[in-house]
>>> print(open('coords_0.txt').read())   # compact mmCIF, C-alpha atoms
# COMPACT_ATOMS: atom_id res chain seq x y z
CA MET A 1 0.00 0.00 0.00
CA SER A 2 1.39 3.36 -0.99
CA THR A 3 1.35 6.39 1.30
CA PRO A 4 -2.13 7.91 1.53
CA LEU A 5 -2.63 11.03 -0.56
CA ASP A 6 -2.49 14.43 1.15
CA ARG A 7 -5.63 16.51 0.49
CA ARG A 8 -3.77 19.79 0.10
CA VAL A 9 -1.37 18.26 -2.43
CA VAL A 10 -4.27 16.64 -4.28
CA THR A 11 -6.18 19.92 -4.51
CA GLU A 12 -3.11 21.79 -5.75
CA ARG A 13 -2.42 19.17 -8.39
CA LEU A 14 -6.01 19.07 -9.60
CA LEU A 15 -6.30 22.82 -9.92
CA ARG A 16 -2.89 23.80 -11.27
CA GLY A 17 -4.00 23.15 -14.85
CA ARG A 18 -7.38 24.85 -14.47
CA GLY A 19 -6.92 27.75 -16.88
CA ASP A 20 -10.24 29.62 -16.94
CA ALA A 21 -12.20 26.80 -15.30
CA LEU A 22 -14.84 27.65 -12.70
CA VAL A 23 -14.51 26.00 -9.29
CA VAL A 24 -17.20 25.35 -6.69
CA ALA A 25 -15.83 24.23 -3.33
CA GLY A 26 -18.11 22.56 -0.79
CA LEU A 27 -18.52 23.28 2.90
CA GLY A 28 -16.03 23.47 4.60
CA SER A 29 -12.59 21.72 4.48
CA THR A 30 -12.57 21.65 0.68
CA SER A 31 -13.23 25.40 0.70
CA TYR A 32 -10.19 25.86 2.96
CA ASP A 33 -8.11 23.63 0.66
CA VAL A 34 -9.07 25.67 -2.40
CA LEU A 35 -8.50 28.99 -0.61
CA LYS A 36 -5.07 27.83 0.50
CA LEU A 37 -4.04 27.95 -3.17
CA GLY A 38 -4.88 31.64 -3.40
CA ASP A 39 -7.84 33.95 -3.62
CA ASN A 40 -9.19 33.30 -7.13
CA PRO A 41 -12.42 35.16 -8.01
CA LEU A 42 -13.49 32.24 -10.23
CA ASP A 43 -13.77 30.08 -7.10
CA PHE A 44 -17.12 29.97 -5.35
CA THR A 45 -16.39 28.69 -1.86
CA LEU A 46 -19.21 27.57 0.40
CA PHE A 47 -19.40 28.13 4.15
CA GLY A 48 -22.88 26.68 4.58
CA ALA A 49 -25.51 25.06 2.38
CA MET A 50 -24.22 21.54 3.01
CA GLY A 51 -25.22 19.19 0.22
CA ALA A 52 -25.58 21.86 -2.47
CA ALA A 53 -22.13 21.94 -4.10
CA ALA A 54 -22.82 19.47 -6.91
CA MET A 55 -26.09 21.16 -7.88
CA ILE A 56 -24.48 24.61 -7.90
CA GLY A 57 -21.93 23.10 -10.24
CA LEU A 58 -24.70 21.76 -12.46
CA GLY A 59 -26.54 25.10 -12.73
CA LEU A 60 -23.24 26.82 -13.47
CA ALA A 61 -22.22 24.21 -16.05
CA LYS A 62 -25.53 24.57 -17.91
CA ALA A 63 -25.25 28.36 -17.85
CA GLN A 64 -21.61 28.32 -19.04
CA PRO A 65 -21.37 25.41 -21.49
CA SER A 66 -18.05 26.59 -22.93
CA ARG A 67 -16.29 26.54 -19.53
CA ARG A 68 -15.14 23.56 -17.54
CA VAL A 69 -16.79 23.52 -14.11
CA VAL A 70 -15.07 21.60 -11.32
CA VAL A 71 -16.84 20.88 -8.04
CA ILE A 72 -14.45 19.95 -5.25
CA THR A 73 -16.22 18.75 -2.18
CA GLY A 74 -15.94 16.41 0.79
CA ASP A 75 -17.42 12.96 1.13
CA GLY A 76 -19.77 14.11 3.90
CA GLU A 77 -21.00 17.02 1.77
CA MET A 78 -21.54 14.72 -1.23
CA LEU A 79 -23.37 12.16 0.90
CA MET A 80 -25.87 14.86 1.89
CA GLY A 81 -26.68 15.51 -1.78
CA LEU A 82 -26.58 12.02 -3.27
CA GLY A 83 -29.73 12.65 -5.28
CA SER A 84 -27.76 15.32 -7.17
CA LEU A 85 -25.82 12.52 -8.84
CA ALA A 86 -29.07 11.25 -10.36
CA THR A 87 -30.06 14.74 -11.51
CA ILE A 88 -26.63 15.32 -13.07
CA GLY A 89 -27.03 11.95 -14.77
CA VAL A 90 -30.27 13.18 -16.32
CA ALA A 91 -28.74 16.51 -17.37
CA GLN A 92 -25.49 14.97 -18.76
CA PRO A 93 -23.41 18.17 -18.66
CA SER A 94 -20.28 17.41 -20.71
CA ASN A 95 -18.35 20.26 -19.03
CA LEU A 96 -18.90 19.26 -15.38
CA ALA A 97 -16.55 17.31 -13.09
CA ILE A 98 -17.36 16.30 -9.52
CA VAL A 99 -14.29 15.55 -7.40
CA VAL A 100 -14.85 14.24 -3.90
CA ILE A 101 -11.99 14.60 -1.45
CA ASP A 102 -12.76 11.49 0.55
CA ASN A 103 -11.18 11.07 3.97
CA GLY A 104 -13.92 8.72 5.15
CA LEU A 105 -14.70 11.12 7.98
CA PHE A 106 -16.82 14.01 9.12
CA ALA A 107 -13.62 15.89 9.88
CA GLU A 108 -15.13 19.27 10.80
CA THR A 109 -17.32 17.91 13.54
CA GLY A 110 -14.92 15.69 15.45
CA MET A 111 -13.58 13.11 12.99
CA GLN A 112 -16.58 10.79 13.21
CA ARG A 113 -16.50 7.96 10.68
CA ALA A 114 -18.64 8.75 7.63
CA HIS A 115 -20.54 6.28 5.45
CA THR A 116 -17.57 6.26 3.08
CA GLY A 117 -15.47 5.06 6.02
CA TYR A 118 -17.79 2.06 6.26
CA GLY A 119 -17.09 1.19 2.63
CA ILE A 120 -19.98 3.00 0.94
CA ASP A 121 -18.74 3.57 -2.62
CA LEU A 122 -19.56 6.97 -4.13
CA ALA A 123 -17.95 6.19 -7.49
CA VAL A 124 -20.24 3.20 -7.96
CA MET A 125 -23.21 5.44 -7.17
CA ALA A 126 -22.03 7.93 -9.80
CA GLN A 127 -21.63 5.08 -12.27
CA GLY A 128 -25.21 4.07 -11.59
CA ALA A 129 -26.18 7.68 -12.25
CA ARG A 130 -24.72 7.46 -15.78
CA PHE A 131 -21.68 9.69 -15.31
CA ALA A 132 -19.45 9.47 -18.40
CA SER A 133 -16.56 8.29 -16.28
CA THR A 134 -16.21 7.39 -12.63
CA GLU A 135 -13.24 6.35 -10.57
CA THR A 136 -11.81 5.99 -7.10
CA ILE A 137 -8.29 7.35 -6.85
CA LEU A 138 -5.96 5.82 -4.30
CA THR A 139 -2.49 6.32 -5.71
CA ASP A 140 -0.24 9.01 -7.09
CA GLU A 141 -0.31 7.34 -10.52
CA GLN A 142 -4.10 7.30 -10.63
CA LEU A 143 -4.16 10.94 -9.59
CA ARG A 144 -1.71 11.85 -12.34
CA ALA A 145 -3.87 10.09 -14.95
CA PHE A 146 -6.97 11.93 -13.72
CA GLU A 147 -5.16 15.29 -13.78
CA MET A 148 -4.52 14.73 -17.49
CA ARG A 149 -8.21 14.16 -18.19
CA LEU A 150 -9.91 16.56 -15.80
CA TYR A 151 -10.04 19.51 -18.20
CA SER A 152 -10.42 17.63 -21.47
CA ALA A 153 -12.45 14.43 -21.11
CA PRO A 154 -16.17 14.69 -21.89
CA GLY A 155 -18.22 14.79 -18.72
CA PRO A 156 -19.91 14.44 -16.47
CA LEU A 157 -16.81 13.14 -14.70
CA PHE A 158 -16.75 11.77 -11.18
CA ALA A 159 -13.74 10.96 -9.03
CA ALA A 160 -13.50 10.09 -5.36
CA VAL A 161 -9.95 10.76 -4.21
CA LYS A 162 -9.11 8.84 -1.06
CA VAL A 163 -6.97 11.03 1.19
CA ALA A 164 -5.29 10.58 4.54
CA PRO A 165 -7.70 10.92 7.49
CA VAL A 166 -5.97 13.91 9.01
CA PRO A 167 -7.61 17.26 9.77
CA THR A 168 -7.06 20.14 7.39
CA THR A 169 -6.06 23.57 8.63
CA LEU A 170 -8.49 26.45 8.54
CA THR A 171 -8.04 28.88 5.65
CA LEU A 172 -10.64 31.61 5.36
CA PRO A 173 -11.18 34.21 2.65
CA LYS A 174 -10.84 37.94 3.28
CA THR A 175 -14.58 38.01 3.71
CA MET A 176 -17.24 35.36 4.18
CA ASP A 177 -20.00 37.82 3.26
CA GLY A 178 -22.07 35.99 0.65
CA THR A 179 -23.03 39.10 -1.30
CA GLN A 180 -19.38 39.99 -1.81
CA LEU A 181 -18.38 36.44 -2.75
CA ARG A 182 -21.10 36.13 -5.36
CA GLY A 183 -20.58 39.69 -6.64
CA ARG A 184 -16.93 39.19 -7.31
CA PHE A 185 -17.47 35.77 -8.89
CA ARG A 186 -20.03 37.21 -11.31
CA GLN A 187 -17.90 40.25 -12.06
CA ALA A 188 -14.91 38.03 -12.88
CA LEU A 189 -16.97 35.66 -15.03
CA LEU A 190 -19.51 37.96 -16.67
CA GLY A 191 -17.91 41.42 -16.63
CA GLU A 192 -20.54 44.10 -17.29
CA ARG A 193 -23.21 41.40 -17.70
CA ALA A 194 -22.91 40.81 -13.97
CA TYR A 195 -25.17 43.82 -13.51
CA ASP A 196 -27.89 42.77 -15.96
CA MET B 1 -57.67 20.63 -11.99
CA SER B 2 -61.35 21.45 -11.72
CA ASP B 3 -63.45 20.06 -14.55
CA SER B 4 -65.44 23.18 -15.29
CA ALA B 5 -62.75 25.65 -16.27
CA PRO B 6 -59.60 24.48 -18.06
CA ALA B 7 -56.80 26.70 -16.88
CA ALA B 8 -55.13 28.97 -19.41
CA TRP B 9 -52.81 30.44 -16.82
CA PRO B 10 -50.00 27.86 -17.17
CA ASP B 11 -49.68 28.73 -20.88
CA GLU B 12 -49.64 32.43 -20.16
CA LEU B 13 -47.23 31.88 -17.29
CA TYR B 14 -44.90 29.99 -19.62
CA ARG B 15 -44.77 32.96 -21.99
CA VAL B 16 -44.13 35.36 -19.11
CA LEU B 17 -41.21 33.22 -17.92
CA LEU B 18 -39.77 33.11 -21.44
CA ASP B 19 -40.16 36.88 -21.82
CA ALA B 20 -38.28 37.31 -18.54
CA ASN B 21 -35.43 35.24 -20.01
CA ILE B 22 -35.80 32.32 -17.63
CA ARG B 23 -33.46 29.63 -18.96
CA GLN B 24 -33.31 26.91 -16.30
CA ILE B 25 -36.30 25.18 -14.72
CA GLY B 26 -35.92 22.76 -11.85
CA TYR B 27 -38.97 20.92 -10.64
CA VAL B 28 -40.31 18.28 -8.35
CA PRO B 29 -43.54 17.38 -10.11
CA ASP B 30 -46.94 18.40 -8.92
CA ALA B 31 -50.20 17.99 -10.75
CA GLY B 32 -50.75 21.75 -10.51
CA HIS B 33 -47.57 22.36 -12.52
CA ARG B 34 -48.17 19.60 -15.05
CA ARG B 35 -48.96 21.81 -18.03
CA LEU B 36 -46.09 24.23 -17.34
CA ILE B 37 -43.60 21.36 -16.98
CA GLU B 38 -44.76 19.93 -20.32
CA LEU B 39 -44.35 23.29 -22.05
CA CYS B 40 -40.86 23.76 -20.61
CA HIS B 41 -39.72 20.27 -21.61
CA ALA B 42 -40.98 20.85 -25.15
CA ASN B 43 -38.62 23.84 -25.54
CA SER B 44 -35.13 22.54 -26.22
CA SER B 45 -33.55 25.95 -25.61
CA LEU B 46 -34.44 25.60 -21.92
CA THR B 47 -32.72 23.42 -19.33
CA THR B 48 -35.68 21.66 -17.70
CA LEU B 49 -34.71 19.19 -15.02
CA PRO B 50 -36.55 16.90 -12.64
CA LEU B 51 -35.03 16.99 -9.14
CA THR B 52 -34.94 14.18 -6.60
CA THR B 53 -35.65 16.69 -3.82
CA GLU B 54 -36.50 20.37 -3.75
CA GLU B 55 -33.18 21.18 -2.04
CA GLU B 56 -31.47 20.48 -5.33
CA GLY B 57 -33.43 23.28 -6.96
CA ILE B 58 -31.91 25.88 -4.64
CA GLY B 59 -28.41 24.81 -5.66
CA LEU B 60 -29.41 24.72 -9.33
CA SER B 61 -30.84 28.27 -9.18
CA VAL B 62 -27.75 29.60 -7.43
CA GLY B 63 -25.42 27.94 -9.94
CA ALA B 64 -27.47 29.26 -12.85
CA TYR B 65 -27.32 32.80 -11.49
CA LEU B 66 -23.58 32.61 -10.85
CA GLY B 67 -23.25 31.60 -14.51
CA GLY B 68 -25.47 34.43 -15.76
CA GLN B 69 -28.75 32.62 -16.34
CA ARG B 70 -32.15 33.06 -14.76
CA SER B 71 -34.12 30.16 -13.35
CA VAL B 72 -37.36 29.20 -11.70
CA LEU B 73 -38.13 26.42 -9.26
CA LEU B 74 -41.46 24.57 -9.46
CA LEU B 75 -42.51 22.65 -6.38
CA GLN B 76 -45.32 21.60 -4.11
CA SER B 77 -45.83 23.08 -0.66
CA SER B 78 -44.75 19.82 0.99
CA GLY B 79 -41.37 20.23 -0.67
CA VAL B 80 -40.85 23.71 0.76
CA GLY B 81 -39.96 21.98 4.00
CA ASN B 82 -37.09 20.23 2.25
CA THR B 83 -35.48 23.51 1.18
CA ILE B 84 -35.22 25.31 4.51
CA ASN B 85 -31.50 25.19 5.35
CA LEU B 86 -30.47 25.68 1.75
CA LEU B 87 -32.49 28.88 1.52
CA SER B 88 -29.71 30.40 3.61
CA LEU B 89 -27.54 30.25 0.49
CA PRO B 90 -29.49 32.60 -1.81
CA VAL B 91 -30.56 34.76 1.14
CA GLU B 92 -27.00 35.21 2.45
CA CYS B 93 -25.61 35.82 -1.05
CA ARG B 94 -28.67 37.84 -2.07
CA ILE B 95 -29.06 35.71 -5.15
CA PRO B 96 -32.41 36.02 -6.96
CA LEU B 97 -34.72 33.07 -6.40
CA LEU B 98 -38.22 32.49 -7.70
CA MET B 99 -40.20 29.55 -6.35
CA LEU B 100 -43.64 28.75 -7.73
CA VAL B 101 -45.32 26.65 -5.08
CA THR B 102 -48.56 24.76 -5.66
CA MET B 103 -50.39 24.23 -2.39
CA ARG B 104 -51.57 21.13 -0.61
CA GLY B 105 -52.99 20.77 2.87
CA GLU B 106 -55.54 23.59 2.73
CA TRP B 107 -58.85 24.46 0.96
CA GLY B 108 -60.74 21.19 0.82
CA GLU B 109 -57.74 18.94 1.51
CA PHE B 110 -58.69 15.28 1.80
CA VAL B 111 -55.44 13.83 3.22
CA PRO B 112 -54.74 14.81 6.82
CA TRP B 113 -50.99 14.15 6.48
CA GLN B 114 -50.72 16.97 3.94
CA VAL B 115 -52.18 19.59 6.26
CA TRP B 116 -49.14 20.13 8.46
CA MET B 117 -46.64 21.25 5.88
CA GLY B 118 -49.33 22.99 3.85
CA GLN B 119 -50.27 25.12 6.87
CA GLY B 120 -46.61 25.69 7.74
CA THR B 121 -45.39 26.62 4.28
CA GLN B 122 -45.70 30.40 4.46
CA ALA B 123 -44.31 30.66 7.99
CA ALA B 124 -41.36 28.43 7.13
CA LEU B 125 -40.44 30.46 4.07
CA GLU B 126 -40.81 33.77 5.94
CA ALA B 127 -38.69 32.47 8.80
CA MET B 128 -35.85 32.10 6.27
CA GLY B 129 -36.27 35.59 4.83
CA VAL B 130 -38.17 34.65 1.69
CA LEU B 131 -40.86 37.05 0.49
CA VAL B 132 -44.19 35.25 0.07
CA TYR B 133 -47.14 36.15 -2.14
CA ARG B 134 -50.29 34.07 -2.17
CA VAL B 135 -52.73 33.69 -5.04
CA ASP B 136 -56.22 32.27 -4.66
CA ASP B 137 -57.73 33.65 -7.86
CA ARG B 138 -56.54 32.21 -11.14
CA GLU B 139 -56.95 35.61 -12.79
CA GLN B 140 -54.13 36.89 -10.57
CA VAL B 141 -51.56 34.14 -11.04
CA VAL B 142 -49.77 35.64 -14.00
CA GLU B 143 -49.64 39.22 -12.75
CA THR B 144 -48.38 37.99 -9.38
CA VAL B 145 -45.60 35.98 -10.98
CA ARG B 146 -44.70 38.95 -13.18
CA ALA B 147 -44.40 41.15 -10.09
CA CYS B 148 -42.34 38.52 -8.30
CA LEU B 149 -39.98 38.15 -11.27
CA ALA B 150 -39.22 41.84 -10.81
CA LEU B 151 -38.70 41.44 -7.07
CA ALA B 152 -36.38 38.51 -7.64
CA TYR B 153 -34.37 39.67 -10.62
CA ASN B 154 -34.49 43.46 -10.27
CA ALA B 155 -34.55 43.79 -6.51
CA GLY B 156 -32.38 40.71 -5.89
CA ARG B 157 -34.84 38.99 -3.59
CA GLN B 158 -35.85 35.43 -2.80
CA VAL B 159 -39.52 35.13 -3.58
CA ALA B 160 -42.16 32.42 -3.39
CA VAL B 161 -45.58 32.52 -5.04
CA LEU B 162 -48.03 30.21 -3.28
CA ILE B 163 -50.70 29.07 -5.72
CA GLY B 164 -53.69 27.97 -3.65
CA GLN B 165 -55.79 24.85 -4.11
CA ARG B 166 -58.66 27.16 -5.05
CA VAL B 167 -56.69 27.90 -8.23
CA ILE B 168 -55.31 24.48 -9.09
CA GLY B 169 -58.23 22.47 -7.78
CA THR B 170 -58.22 20.37 -4.66
CA LYS B 171 -56.63 16.99 -5.35
CA GLN B 172 -59.35 14.40 -5.83
CA PHE B 173 -59.13 10.70 -5.10
CA ARG B 174 -61.50 8.65 -7.15
>>> encode(input="coords_0.txt", output="structure tokens")
Amino acid sequence: MSTPLDRRVVTERLLRGRGDALVVAGLGSTSYDVLKLGDNPLDFTLFGAMGAAAMIGLGLAKAQPSRRVVVITGDGEMLMGLGSLATIGVAQPSNLAIVVIDNGLFAETGMQRAHTGYGIDLAVMAQGARFASTETILTDEQLRAFEMRLYSAPGPLFAAVKVAPVPTTLTLPKTMDGTQLRGRFRQALLGERAYD
Amino acid sequence: MSDSAPAAWPDELYRVLLDANIRQIGYVPDAGHRRLIELCHANSSLTTLPLTTEEEGIGLSVGAYLGGQRSVLLLQSSGVGNTINLLSLPVECRIPLLMLVTMRGEWGEFVPWQVWMGQGTQAALEAMGVLVYRVDDREQVVETVRACLALAYNAGRQVAVLIGQRVIGTKQFR
């Protein structure tokens, strides 16, 4: 067994080739992971609304079909919105990727074992929901192969990346005010159309 | 749907939504929205999606708005209860949201289990900061939705239109 993947390293490697891709990060550790890489206005980081990340990604992907949309969220957050996988399967957005950073735990609330830690397989669920490709990533080699496909393969893509069950460190944005976060995301994406 | 007067309002409502440049429609089906859902599905320029739970529609609407598209969420009053925590997302971010809610659990309701959420719908929405407008006259459905489109998309508010069972017809079990 190889060394477990480190979530911060995984997030950095997945996003370094993003170009103009749009990123939705789920409550809460995955938001900290994404923010740790820098304050990018094309990131929409969530500090509430548990279970909504995948659907926000879907609405965004349908509204912006020429952009790649990457949702990075935790296994607990994904578990709360499992039905979203079915809805994404119906919608078949070719530009959407769902990446679950899976530590098998509810890390924010005291490291309680999550369903994923009992062997519940999110990638199989996504496969059942007709995602174009689904995988569970355990090794550096698998991660490297997924990095190559993340911004080019036709979606919807799903990957659960198994990471070491260690707590992440808190990284917060300059503001958590929702109106400012959404305003700056829309300004960066839409320019003057943000005020339509 | 009452037998005596076939409703024209869903067709008119559809045109109002198109005129307002609504592009994404998320729905959990309800008989009261049947005609509108059919019209939306028949238009391939719209993204019309069934949801497994009403919560998903809040995420969909927020994502659509972030991407520069307008949306509407069609649901039954029972499903309002499923959206409560997620309403904090559009309210906190002041992201426009328009929910068209067909009512159960009121006016002639036959099923006692439906009454609780039906009676709690308006209070639950208002507790989360959503503006609520109720319609009990089918002649006022379209103008109410038109006004609420303005509140949502011009004034940046989260708005629900409750369409009463007097409009859609009390669900019958035969």
>>> closest_atom_pairs(input="coords_0.txt", of="chain A", to="chain B", cutoff="6 Å", atoms="all atoms listed in the file", output="tab-separated table")
residue	atom	partner	partner_atom	distance
A:Ala49	CA	B:Leu86	CA	5.0
A:Ala52	CA	B:Gly59	CA	5.2
A:Met55	CA	B:Gly59	CA	4.9
A:Ile56	CA	B:Gly63	CA	4.0
A:Gly57	CA	B:Gly63	CA	6.0
A:Gly59	CA	B:Gly63	CA	4.1
A:Leu60	CA	B:Gly63	CA	4.3
A:Ala63	CA	B:Gly67	CA	5.1
A:Gln64	CA	B:Gly67	CA	5.8
A:Gly83	CA	B:Thr52	CA	5.6
A:Thr87	CA	B:Leu51	CA	5.9
A:Gly178	CA	B:Cys93	CA	3.9
A:Thr179	CA	B:Cys93	CA	4.2
A:Arg186	CA	B:Leu66	CA	5.8
>>> residues_around(input="coords_0.txt", residues="Val115 (chain B)", least_positions_apart="2", cutoff="12 Å", atoms="all atoms listed in the file", output="MDAnalysis selection string")
chainID B and resid 77:78 103:113 117:121
>>> residues_around(input="coords_0.txt", residues="region 156-169 of chain A", least_positions_apart="5", cutoff="9 Å", atoms="only C-alpha atoms", output="number ranges by chain")
A: 3-8, 10, 29-30, 32-33, 75, 88-89, 92-105, 107-108, 111, 121-123, 126-127, 130-139, 143, 146, 150
>>> residues_near_point(input="coords_0.txt", point="(-39.7, 30.7, -21.0)", cutoff="12 Å", atoms="all atoms listed in the file", output="ChimeraX atom specification")
/B:10-25,36-48,70-72
>>> atom_distance(input="coords_0.txt", atom1="CA of Val71 (chain A)", atom2="CA of Pro96 (chain B)")
21.7 Å
>>> residues_around(input="coords_0.txt", residues="Phe106 (chain A)", least_positions_apart="3", cutoff="9 Å", atoms="all atoms listed in the file", output="count of residues only")
11
>>> residues_around(input="coords_0.txt", residues="Val132 (chain B)", least_positions_apart="5", cutoff="6 Å", atoms="only C-alpha atoms", output="PyMOL selection string")
chain B and resi 159-161
>>> residues_around(input="coords_0.txt", residues="Leu27 (chain A)", least_positions_apart="3", cutoff="6 Å", atoms="only C-alpha atoms", output="ChimeraX atom specification")
/A:46-48,50
>>> axis_aligned_box(input="coords_0.txt", around="region 26-38 of chain A", padding_each_side="4 Å", output="JSON")
{"center_x": -11.3, "center_y": 26.6, "center_z": 0.6, "size_x": 22.5, "size_y": 18.0, "size_z": 16.0}
>>> atom_distance(input="coords_0.txt", atom1="CA of Asp140 (chain A)", atom2="CA of Glu12 (chain A)")
13.2 Å
>>> build_atoms(input="coords_0.txt", residues="region 141-161 of chain B", atoms="N, CA and C atoms", output="PDB file, in the frame of the given file")
ATOM      1  N   VAL B 141     -52.810  34.919 -11.081  1.00  0.00           N
ATOM      2  CA  VAL B 141     -51.560  34.140 -11.040  1.00  0.00           C
ATOM      3  C   VAL B 141     -50.466  34.816 -11.857  1.00  0.00           C
ATOM      4  N   VAL B 142     -50.808  35.152 -13.086  1.00  0.00           N
ATOM      5  CA  VAL B 142     -49.770  35.640 -14.000  1.00  0.00           C
ATOM      6  C   VAL B 142     -49.236  36.992 -13.551  1.00  0.00           C
ATOM      7  N   GLU B 143     -50.127  37.890 -13.165  1.00  0.00           N
ATOM      8  CA  GLU B 143     -49.640  39.220 -12.750  1.00  0.00           C
ATOM      9  C   GLU B 143     -48.821  39.123 -11.465  1.00  0.00           C
ATOM     10  N   THR B 144     -49.160  38.178 -10.604  1.00  0.00           N
ATOM     11  CA  THR B 144     -48.380  37.990  -9.380  1.00  0.00           C
ATOM     12  C   THR B 144     -46.975  37.476  -9.705  1.00  0.00           C
ATOM     13  N   VAL B 145     -46.915  36.511 -10.603  1.00  0.00           N
ATOM     14  CA  VAL B 145     -45.600  35.980 -10.980  1.00  0.00           C
ATOM     15  C   VAL B 145     -44.773  37.058 -11.670  1.00  0.00           C
ATOM     16  N   ARG B 146     -45.428  37.870 -12.497  1.00  0.00           N
ATOM     17  CA  ARG B 146     -44.700  38.950 -13.180  1.00  0.00           C
ATOM     18  C   ARG B 146     -44.103  39.913 -12.142  1.00  0.00           C
ATOM     19  N   ALA B 147     -44.891  40.245 -11.147  1.00  0.00           N
ATOM     20  CA  ALA B 147     -44.400  41.150 -10.090  1.00  0.00           C
ATOM     21  C   ALA B 147     -43.253  40.498  -9.315  1.00  0.00           C
ATOM     22  N   CYS B 148     -43.373  39.214  -9.088  1.00  0.00           N
ATOM     23  CA  CYS B 148     -42.340  38.520  -8.300  1.00  0.00           C
ATOM     24  C   CYS B 148     -41.061  38.300  -9.111  1.00  0.00           C
ATOM     25  N   LEU B 149     -41.176  38.186 -10.424  1.00  0.00           N
ATOM     26  CA  LEU B 149     -39.980  38.150 -11.270  1.00  0.00           C
ATOM     27  C   LEU B 149     -39.179  39.434 -11.085  1.00  0.00           C
ATOM     28  N   ALA B 150     -39.903  40.557 -11.006  1.00  0.00           N
ATOM     29  CA  ALA B 150     -39.220  41.840 -10.810  1.00  0.00           C
ATOM     30  C   ALA B 150     -38.557  41.894  -9.435  1.00  0.00           C
ATOM     31  N   LEU B 151     -39.278  41.446  -8.422  1.00  0.00           N
ATOM     32  CA  LEU B 151     -38.700  41.440  -7.070  1.00  0.00           C
ATOM     33  C   LEU B 151     -37.459  40.568  -7.002  1.00  0.00           C
ATOM     34  N   ALA B 152     -37.528  39.418  -7.667  1.00  0.00           N
ATOM     35  CA  ALA B 152     -36.380  38.510  -7.640  1.00  0.00           C
ATOM     36  C   ALA B 152     -35.231  39.080  -8.454  1.00  0.00           C
ATOM     37  N   TYR B 153     -35.483  39.378  -9.704  1.00  0.00           N
ATOM     38  CA  TYR B 153     -34.370  39.670 -10.620  1.00  0.00           C
ATOM     39  C   TYR B 153     -34.005  41.149 -10.710  1.00  0.00           C
ATOM     40  N   ASN B 154     -34.883  42.039 -10.325  1.00  0.00           N
ATOM     41  CA  ASN B 154     -34.490  43.460 -10.270  1.00  0.00           C
ATOM     42  C   ASN B 154     -34.076  43.849  -8.870  1.00  0.00           C
ATOM     43  N   ALA B 155     -34.841  43.400  -7.890  1.00  0.00           N
ATOM     44  CA  ALA B 155     -34.550  43.790  -6.510  1.00  0.00           C
ATOM     45  C   ALA B 155     -33.684  42.758  -5.786  1.00  0.00           C
ATOM     46  N   GLY B 156     -33.309  41.687  -6.464  1.00  0.00           N
ATOM     47  CA  GLY B 156     -32.380  40.710  -5.890  1.00  0.00           C
ATOM     48  C   GLY B 156     -32.928  39.974  -4.688  1.00  0.00           C
ATOM     49  N   ARG B 157     -34.217  39.628  -4.741  1.00  0.00           N
ATOM     50  CA  ARG B 157     -34.840  38.990  -3.590  1.00  0.00           C
ATOM     51  C   ARG B 157     -35.171  37.525  -3.848  1.00  0.00           C
ATOM     52  N   GLN B 158     -35.450  36.828  -2.758  1.00  0.00           N
ATOM     53  CA  GLN B 158     -35.850  35.430  -2.800  1.00  0.00           C
ATOM     54  C   GLN B 158     -37.350  35.419  -2.582  1.00  0.00           C
ATOM     55  N   VAL B 159     -38.081  34.939  -3.561  1.00  0.00           N
ATOM     56  CA  VAL B 159     -39.520  35.130  -3.580  1.00  0.00           C
ATOM     57  C   VAL B 159     -40.233  33.810  -3.853  1.00  0.00           C
ATOM     58  N   ALA B 160     -41.316  33.585  -3.126  1.00  0.00           N
ATOM     59  CA  ALA B 160     -42.160  32.420  -3.390  1.00  0.00           C
ATOM     60  C   ALA B 160     -43.576  32.887  -3.704  1.00  0.00           C
ATOM     61  N   VAL B 161     -44.161  32.305  -4.746  1.00  0.00           N
ATOM     62  CA  VAL B 161     -45.580  32.520  -5.040  1.00  0.00           C
ATOM     63  C   VAL B 161     -46.300  31.236  -4.641  1.00  0.00           C
TER      64      VAL B 161
END
